[in-house]
Amino acid sequence: MASDAIALRRGRQREAPLPLRRKLLAYGGFDFPFMLIVTVLLCVGLVMMFSASYVYAMRHYGGDAYHFIKRQLIFAVAGFVLMLAISKINLDILRKLAIPGLVTAFVLLGVVLVYHTNRGDFKRWIPIVGDLTIQPSELAKVALILFFAYGMERWQRPKYNPRAKQGTAWGRAGRQWGHTALYMAVLLLMVGLIFMENHVSGTIITLGIGGLLIFIGEQRIPLWFYAIVAAVGVGAVMFVLSKPEILPEHAAKRIVAFLNPESDPSGDNWQTIQSLYAVGSGGWFGKGFGQSVQKHLYLPEPMNDFVFAIVCEELGFFGAFVIVLLFIALIWRGFMIALHTKERFGTLLVIGIVLQIGLQVALNIGVVTAVLPNTGIPLPFFSYGGTALLILLAEMGIVLAVSRVSREIKR
C-alpha cells in the first residue's frame with residue numbers, strides 16, 4: 001500500500017502543470033558553433049560594408065564617411081540583442097504566432113502598396129519616423145516560413161490531426177490536397193503582393209522558399225505533381241527570357257542587358273561590367289582592405305547588392321572563398337540542428353530559414369559574377385539595410401531557440 005501511495009504521488013508530480021516560465025522560455029544550451037559562425041559573419045559583414053560604403057557616403061552625405069556604418073551598427077547591435085532574446089523563447093510561443101504573423105504580413109504587404117516612400121516605381125518601404133522605414137517583404141518571408149512549419153506539423157501528423165488516417169482513401173486524399181492547395185494559395189497571394197511592389201528579387205526568394213518547403217514538408221504528395229510544377233516553372237522562366245517586356249520596366253531592362261552583355265556598356269550593363277572588373281582585379285589575394293578602386297564611384301552604391309564584388313577586389317579569391325565557406329558552414333550547421341530536432345515544427349522552421357540564406361547567397365554571388373541577371377538580391381550580413389539585418393538576426397535567434405529546445409528534450 002505504501003509503495004502504491006508513493007507511486008501515485010510521483011505520478012501526480014509528473015502530471016503537474018509546468019511553471020509559466022517553463023512554458024515561455026527554453027532552458028537548454030544553444031548551439032555554440034552556429035552562434036559563433038553568425039557572429040563572425042556579422043562582424044566581417046559590417047567591416048566590409050564600411051569599406052565598400054565610405055567613399056559613397058563622403059560624396060553623397062556631406063563628407064560623413066561613417067553615415068552608413070553608423071546606421072548599420074545600430075541595427076546590428078539591436079538585432080544581436082533581439083537574437084539572444086528570441087533564442088530563449090519556447091517553440092510553443094512561436095506556434096501561437098504563426099497565424100497572427102501571417103495575417104500581419106499580409107496587412108503590411110497591402111499597406112505598402114498605398115503608403116510607401118517615394119522611390120520611383122518601387123513600393124517596398126513603409127515610412128515610420130524620419131528616415132526609419134520598414135520593408136514588409138522581409139517580414140513576409142519569416143511569416144511564410146513560420147506558417148508553413150506550423151501547418152505542416154499540425155495538419156499532417158496523426159498525432160496532431162486524429163482524422164489524418166480516418167475515412168476513405170478519397171477523403172484522406174482530399175484533406176491532404178486541400179492543405180497543399182492552402183499552402184499554394186498563401187504562397188501565390190504573398191508572391192503576387194510582393195511582385196506588385198516592383199520587387200522582383202523579393203518575389204523570386206519568397207517563391208523559392210515556399211516552393212522548397214512545400215516539396216520538403218508535403219511528403220504525401222506524389223513526385224509527378226512536383227515534376228509538373230518544375231516543368232511549368234522552367235517554362236515560365238524561358239517565356240520571361242524570351243519576352244522580358246512583360247516584367248516591370250526596370251526588371252525588363254536588366255533581363256535584356258543580361259542577354260546582351262556587350263550592349264549599352266555605359267547604361268544598363270554598367271553595374272555588371274564594373275562588378276566584373278572588381279572581381280577580376282582582385283586576383284588571388286586581393287588589393288588589400290580598403291584599397292578597392294571600383295568603390296570610388298565606378299560601381300553604383302557598392303554597399304548594397306554588389307558588396308561581394310568589393311570583397312573580391314580587396315580580399316581576392318582566397319578571402320571571398322573563406323566567406324563562402326562560412327556561409328556553407330552556417331547552412332550545414334543549420335541543417336544539423338534541424339535533423340537533430342525531434343519536433344517537426346522546429347525542423348521545418350530551421351530548414352526554411354537556412355534555405356532562405358542559401359538562396360540569397362547563391363543568387364547574390366550569381367548576379368555579382370554575371371552568371372544571373374541583376375535582380376537586386378542582397379547578401380546576408382554584408383549588404384546595407386537595417387530592416388533586413390534586424391530580421392535576419394531575429395531568424396538566427398529562432399534557429400538558436402530550436403537548438404535549445406532540442407538539447408533540452410534530449411536531456
# chains A, B, ... in the order shown; residues from 1 in each chain; ligands from 1
$ select_by_dssp --residues "segment 23-257 of chain A" --states "strand (DSSP E)" --output "compact mmCIF listing (two decimals) with N, CA and C atoms, in the first residue's frame"
# COMPACT_ATOMS: atom_id res chain seq x y z
N ILE A 126 7.69 51.10 -45.97
CA ILE A 126 6.70 51.90 -45.27
C ILE A 126 7.44 52.88 -44.36
N PRO A 127 7.25 54.20 -44.53
CA PRO A 127 7.92 55.17 -43.66
C PRO A 127 7.36 55.11 -42.24
N ILE A 128 8.24 55.15 -41.25
CA ILE A 128 7.83 55.13 -39.85
C ILE A 128 8.04 56.50 -39.22
N VAL A 129 9.29 56.83 -38.91
CA VAL A 129 9.65 58.13 -38.33
C VAL A 129 10.94 58.60 -38.98
N LEU A 132 13.53 56.38 -40.82
CA LEU A 132 13.28 54.99 -40.43
C LEU A 132 12.13 54.42 -41.25
N THR A 133 12.38 53.28 -41.88
CA THR A 133 11.36 52.60 -42.69
C THR A 133 11.32 51.13 -42.33
N ILE A 134 10.27 50.46 -42.79
CA ILE A 134 10.15 49.02 -42.61
C ILE A 134 9.82 48.40 -43.96
$ residues_around --residues "Val350 of chain A" --least-positions-apart "5" --cutoff "10 Å" --atoms "only C-alpha atoms" --output "PyMOL selection string"
chain A and resi 145-146+149+331+334-339+341+345+355-356+395-396+398-403
$ write_last_selection --atoms "N, CA and C atoms" --output "compact mmCIF listing (two decimals), in the first residue's frame"
# COMPACT_ATOMS: atom_id res chain seq x y z
N ILE A 145 7.52 31.17 -43.56
CA ILE A 145 8.22 30.00 -43.01
C ILE A 145 7.53 29.54 -41.74
N LEU A 146 7.16 30.48 -40.88
CA LEU A 146 6.52 30.15 -39.61
C LEU A 146 5.18 29.46 -39.85
N ALA A 149 5.66 25.87 -41.44
CA ALA A 149 6.14 24.91 -40.44
C ALA A 149 5.02 24.53 -39.48
N ILE A 331 24.95 27.17 -43.15
CA ILE A 331 23.83 26.39 -43.69
C ILE A 331 23.92 24.93 -43.23
N GLY A 334 23.00 24.66 -39.64
CA GLY A 334 21.55 24.80 -39.52
C GLY A 334 20.82 23.51 -39.83
N PHE A 335 21.26 22.82 -40.88
CA PHE A 335 20.63 21.54 -41.22
C PHE A 335 20.89 20.49 -40.14
N MET A 336 22.07 20.53 -39.52
CA MET A 336 22.35 19.60 -38.44
C MET A 336 21.41 19.85 -37.25
N ILE A 337 21.17 21.11 -36.96
CA ILE A 337 20.22 21.45 -35.89
C ILE A 337 18.83 20.94 -36.24
N ALA A 338 18.43 21.14 -37.50
CA ALA A 338 17.11 20.69 -37.93
C ALA A 338 16.97 19.17 -37.84
N LEU A 339 18.00 18.46 -38.26
CA LEU A 339 17.93 16.99 -38.27
C LEU A 339 17.93 16.40 -36.86
N THR A 341 16.45 17.80 -34.29
CA THR A 341 15.30 18.31 -33.55
C THR A 341 14.16 17.31 -33.67
N PHE A 345 7.86 20.85 -36.20
CA PHE A 345 7.75 22.30 -36.34
C PHE A 345 9.13 22.95 -36.33
N LEU A 355 17.38 27.66 -45.82
CA LEU A 355 17.12 27.70 -47.26
C LEU A 355 17.06 29.13 -47.77
N GLN A 356 16.45 30.01 -46.99
CA GLN A 356 16.39 31.42 -47.37
C GLN A 356 17.80 32.01 -47.49
N GLU A 395 15.85 35.82 -37.16
CA GLU A 395 15.75 34.45 -37.66
C GLU A 395 16.86 33.57 -37.08
N MET A 396 18.05 34.15 -36.93
CA MET A 396 19.13 33.39 -36.30
C MET A 396 18.76 33.05 -34.85
N ILE A 398 15.75 32.43 -33.84
CA ILE A 398 14.80 31.32 -33.93
C ILE A 398 15.55 29.99 -34.06
N VAL A 399 16.59 29.97 -34.90
CA VAL A 399 17.38 28.75 -35.05
C VAL A 399 18.02 28.36 -33.71
N LEU A 400 18.55 29.35 -32.99
CA LEU A 400 19.15 29.07 -31.68
C LEU A 400 18.11 28.58 -30.68
N ALA A 401 16.89 29.13 -30.78
CA ALA A 401 15.81 28.68 -29.89
C ALA A 401 15.49 27.22 -30.15
N VAL A 402 15.45 26.83 -31.42
CA VAL A 402 15.20 25.42 -31.77
C VAL A 402 16.32 24.55 -31.24
N SER A 403 17.56 25.03 -31.35
CA SER A 403 18.69 24.23 -30.85
C SER A 403 18.62 24.07 -29.33
$ select_by_dssp --residues "segment 44-144 of chain A" --states "alpha helix (DSSP H)" --output "mmCIF file with C-alpha atoms, in the first residue's frame"
data_model
loop_
_atom_site.group_PDB
_atom_site.id
_atom_site.type_symbol
_atom_site.label_atom_id
_atom_site.label_comp_id
_atom_site.auth_asym_id
_atom_site.auth_seq_id
_atom_site.Cartn_x
_atom_site.Cartn_y
_atom_site.Cartn_z
ATOM 1 C CA VAL A 44 33.124 40.591 -41.167
ATOM 2 C CA GLY A 45 29.992 41.835 -42.951
ATOM 3 C CA LEU A 46 29.996 45.112 -41.016
ATOM 4 C CA VAL A 47 33.684 45.694 -41.732
ATOM 5 C CA MET A 48 33.319 45.013 -45.445
ATOM 6 C CA MET A 49 30.122 47.060 -45.692
ATOM 7 C CA PHE A 50 32.003 50.017 -44.174
ATOM 8 C CA SER A 51 34.896 49.561 -46.579
ATOM 9 C CA ALA A 52 32.504 49.455 -49.530
ATOM 10 C CA SER A 53 30.408 52.435 -48.390
ATOM 11 C CA TYR A 54 32.660 55.159 -47.011
ATOM 12 C CA VAL A 55 33.631 56.700 -50.365
ATOM 13 C CA TYR A 56 29.986 56.837 -51.494
ATOM 14 C CA ALA A 57 28.970 58.254 -48.096
ATOM 15 C CA MET A 58 31.606 61.015 -48.261
ATOM 16 C CA ARG A 59 30.424 62.037 -51.708
ATOM 17 C CA HIS A 60 26.673 61.995 -51.072
ATOM 18 C CA HIS A 67 26.945 57.605 -42.496
ATOM 19 C CA PHE A 68 26.075 54.026 -43.469
ATOM 20 C CA ILE A 69 28.125 52.147 -40.898
ATOM 21 C CA LYS A 70 26.636 54.159 -38.009
ATOM 22 C CA ARG A 71 23.119 53.232 -39.044
ATOM 23 C CA GLN A 72 24.045 49.618 -39.747
ATOM 24 C CA LEU A 73 25.778 49.287 -36.374
ATOM 25 C CA ILE A 74 22.634 50.426 -34.568
ATOM 26 C CA PHE A 75 20.584 47.720 -36.272
ATOM 27 C CA ALA A 76 23.364 45.164 -35.769
ATOM 28 C CA VAL A 77 23.510 45.757 -32.016
ATOM 29 C CA ALA A 78 19.712 45.812 -31.721
ATOM 30 C CA GLY A 79 19.480 42.677 -33.861
ATOM 31 C CA PHE A 80 22.106 40.843 -31.810
ATOM 32 C CA VAL A 81 20.221 41.602 -28.597
ATOM 33 C CA LEU A 82 16.973 40.539 -30.286
ATOM 34 C CA MET A 83 18.627 37.319 -31.440
ATOM 35 C CA LEU A 84 19.665 36.440 -27.898
ATOM 36 C CA ALA A 85 16.192 37.274 -26.569
ATOM 37 C CA ILE A 86 14.403 35.187 -29.212
ATOM 38 C CA LEU A 91 8.635 26.883 -29.537
ATOM 39 C CA ASP A 92 5.017 26.893 -28.319
ATOM 40 C CA ILE A 93 5.132 30.701 -28.377
ATOM 41 C CA LEU A 94 6.304 30.654 -31.985
ATOM 42 C CA ARG A 95 3.498 28.231 -32.863
ATOM 43 C CA LYS A 96 0.944 30.672 -31.465
ATOM 44 C CA LEU A 97 2.466 33.487 -33.550
ATOM 45 C CA ALA A 98 2.174 31.589 -36.858
ATOM 46 C CA ILE A 99 -1.308 32.663 -37.939
ATOM 47 C CA PRO A 100 -1.246 36.195 -36.409
ATOM 48 C CA GLY A 101 2.163 36.687 -38.027
ATOM 49 C CA LEU A 102 0.858 35.664 -41.443
ATOM 50 C CA VAL A 103 -2.147 37.979 -41.136
ATOM 51 C CA THR A 104 0.115 40.855 -40.072
ATOM 52 C CA ALA A 105 2.420 40.213 -43.029
ATOM 53 C CA PHE A 106 -0.476 40.349 -45.500
ATOM 54 C CA VAL A 107 -1.768 43.565 -43.930
ATOM 55 C CA LEU A 108 1.638 45.225 -44.241
ATOM 56 C CA LEU A 109 2.052 43.983 -47.812
ATOM 57 C CA GLY A 110 -1.267 45.644 -48.618
ATOM 58 C CA VAL A 111 -0.411 48.859 -46.768
ATOM 59 C CA VAL A 112 2.918 49.342 -48.561
ATOM 60 C CA LEU A 113 1.141 49.408 -51.935
ATOM 61 C CA VAL A 114 -0.747 52.577 -50.963
ATOM 62 C CA PRO A 136 7.172 44.263 -45.319
ATOM 63 C CA SER A 137 8.595 41.720 -47.763
ATOM 64 C CA GLU A 138 11.343 40.853 -45.257
ATOM 65 C CA LEU A 139 8.757 40.210 -42.549
ATOM 66 C CA ALA A 140 6.648 38.246 -45.030
ATOM 67 C CA LYS A 141 9.417 35.677 -45.590
ATOM 68 C CA VAL A 142 9.619 34.912 -41.870
ATOM 69 C CA ALA A 143 5.829 34.779 -41.561
ATOM 70 C CA LEU A 144 5.613 32.358 -44.501
#
$ closest_residue --among "A:Ile246, A:Leu223, A:Leu189, A:Leu325" --to "Val361 of chain A" --atoms "only C-alpha atoms"
A:Leu325
$ closest_residue --among "A:Glu314, A:Glu245, A:Asp305, A:Asp31" --to "Gln271 of chain A" --atoms "only C-alpha atoms"
A:Asp305
$ closest_residue --among "A:Ile205, A:Val256, A:Gly385, A:Leu393" --to "Ala362 of chain A" --atoms "only C-alpha atoms"
A:Ile205
$ closest_residue --among "A:Pro378, A:Glu249, A:Pro300, A:Met238" --to "Leu359 of chain A" --atoms "only C-alpha atoms"
A:Pro378
$ residues_around --residues "Tyr277 of chain A" --least-positions-apart "5" --cutoff "12 Å" --atoms "only C-alpha atoms" --output "list in words"
Trp270, Gln271, Thr272, Gly282, Gly283, Ser292, Val293, Gln294, Lys295, Tyr298, Leu299, Ala309, Ile310, Cys312, Glu313, Val368, Thr369 and Ala370 of chain A
$ write_last_selection --atoms "N, CA and C atoms" --output "mmCIF file, in the first residue's frame"
data_model
loop_
_atom_site.group_PDB
_atom_site.id
_atom_site.type_symbol
_atom_site.label_atom_id
_atom_site.label_comp_id
_atom_site.auth_asym_id
_atom_site.auth_seq_id
_atom_site.Cartn_x
_atom_site.Cartn_y
_atom_site.Cartn_z
ATOM 1 N N TRP A 270 26.303 48.781 -67.092
ATOM 2 C CA TRP A 270 27.406 49.430 -66.383
ATOM 3 C C TRP A 270 27.708 48.736 -65.046
ATOM 4 N N GLN A 271 26.684 48.500 -64.245
ATOM 5 C CA GLN A 271 26.891 47.945 -62.916
ATOM 6 C C GLN A 271 27.521 46.554 -62.988
ATOM 7 N N THR A 272 27.022 45.718 -63.894
ATOM 8 C CA THR A 272 27.558 44.361 -64.029
ATOM 9 C C THR A 272 29.001 44.386 -64.513
ATOM 10 N N GLY A 282 40.840 41.580 -58.339
ATOM 11 C CA GLY A 282 41.253 41.175 -57.001
ATOM 12 C C GLY A 282 42.311 40.101 -56.995
ATOM 13 N N GLY A 283 42.359 39.288 -58.048
ATOM 14 C CA GLY A 283 43.354 38.229 -58.107
ATOM 15 C C GLY A 283 43.160 37.204 -57.005
ATOM 16 N N SER A 292 40.085 49.118 -52.670
ATOM 17 C CA SER A 292 39.269 48.941 -53.875
ATOM 18 C C SER A 292 39.263 50.206 -54.730
ATOM 19 N N VAL A 293 39.327 50.015 -56.017
ATOM 20 C CA VAL A 293 39.209 51.128 -56.969
ATOM 21 C C VAL A 293 37.768 51.307 -57.402
ATOM 22 N N GLN A 294 37.060 50.206 -57.583
ATOM 23 C CA GLN A 294 35.703 50.272 -58.130
ATOM 24 C C GLN A 294 34.717 50.958 -57.186
ATOM 25 N N LYS A 295 34.997 50.974 -55.901
ATOM 26 C CA LYS A 295 34.078 51.647 -54.981
ATOM 27 C C LYS A 295 34.182 53.160 -55.052
ATOM 28 N N TYR A 298 32.741 54.143 -59.267
ATOM 29 C CA TYR A 298 32.598 53.388 -60.515
ATOM 30 C C TYR A 298 31.443 52.398 -60.393
ATOM 31 N N LEU A 299 31.405 51.689 -59.272
ATOM 32 C CA LEU A 299 30.323 50.741 -59.016
ATOM 33 C C LEU A 299 29.237 51.450 -58.211
ATOM 34 N N ALA A 309 31.366 42.112 -54.663
ATOM 35 C CA ALA A 309 32.371 42.482 -55.666
ATOM 36 C C ALA A 309 33.538 43.214 -55.000
ATOM 37 N N ILE A 310 33.237 44.081 -54.029
ATOM 38 C CA ILE A 310 34.289 44.787 -53.295
ATOM 39 C C ILE A 310 35.067 43.799 -52.430
ATOM 40 N N CYS A 312 35.678 40.696 -53.186
ATOM 41 C CA CYS A 312 36.583 40.003 -54.106
ATOM 42 C C CYS A 312 37.759 40.886 -54.501
ATOM 43 N N GLU A 313 37.510 42.175 -54.707
ATOM 44 C CA GLU A 313 38.579 43.079 -55.128
ATOM 45 C C GLU A 313 39.594 43.304 -54.008
ATOM 46 N N VAL A 368 26.574 38.983 -58.992
ATOM 47 C CA VAL A 368 27.851 39.705 -58.932
ATOM 48 C C VAL A 368 28.826 39.181 -59.983
ATOM 49 N N THR A 369 28.794 37.886 -60.257
ATOM 50 C CA THR A 369 29.703 37.281 -61.235
ATOM 51 C C THR A 369 29.082 37.176 -62.625
ATOM 52 N N ALA A 370 27.907 37.802 -62.824
ATOM 53 C CA ALA A 370 27.225 37.854 -64.130
ATOM 54 C C ALA A 370 26.760 36.493 -64.615
#
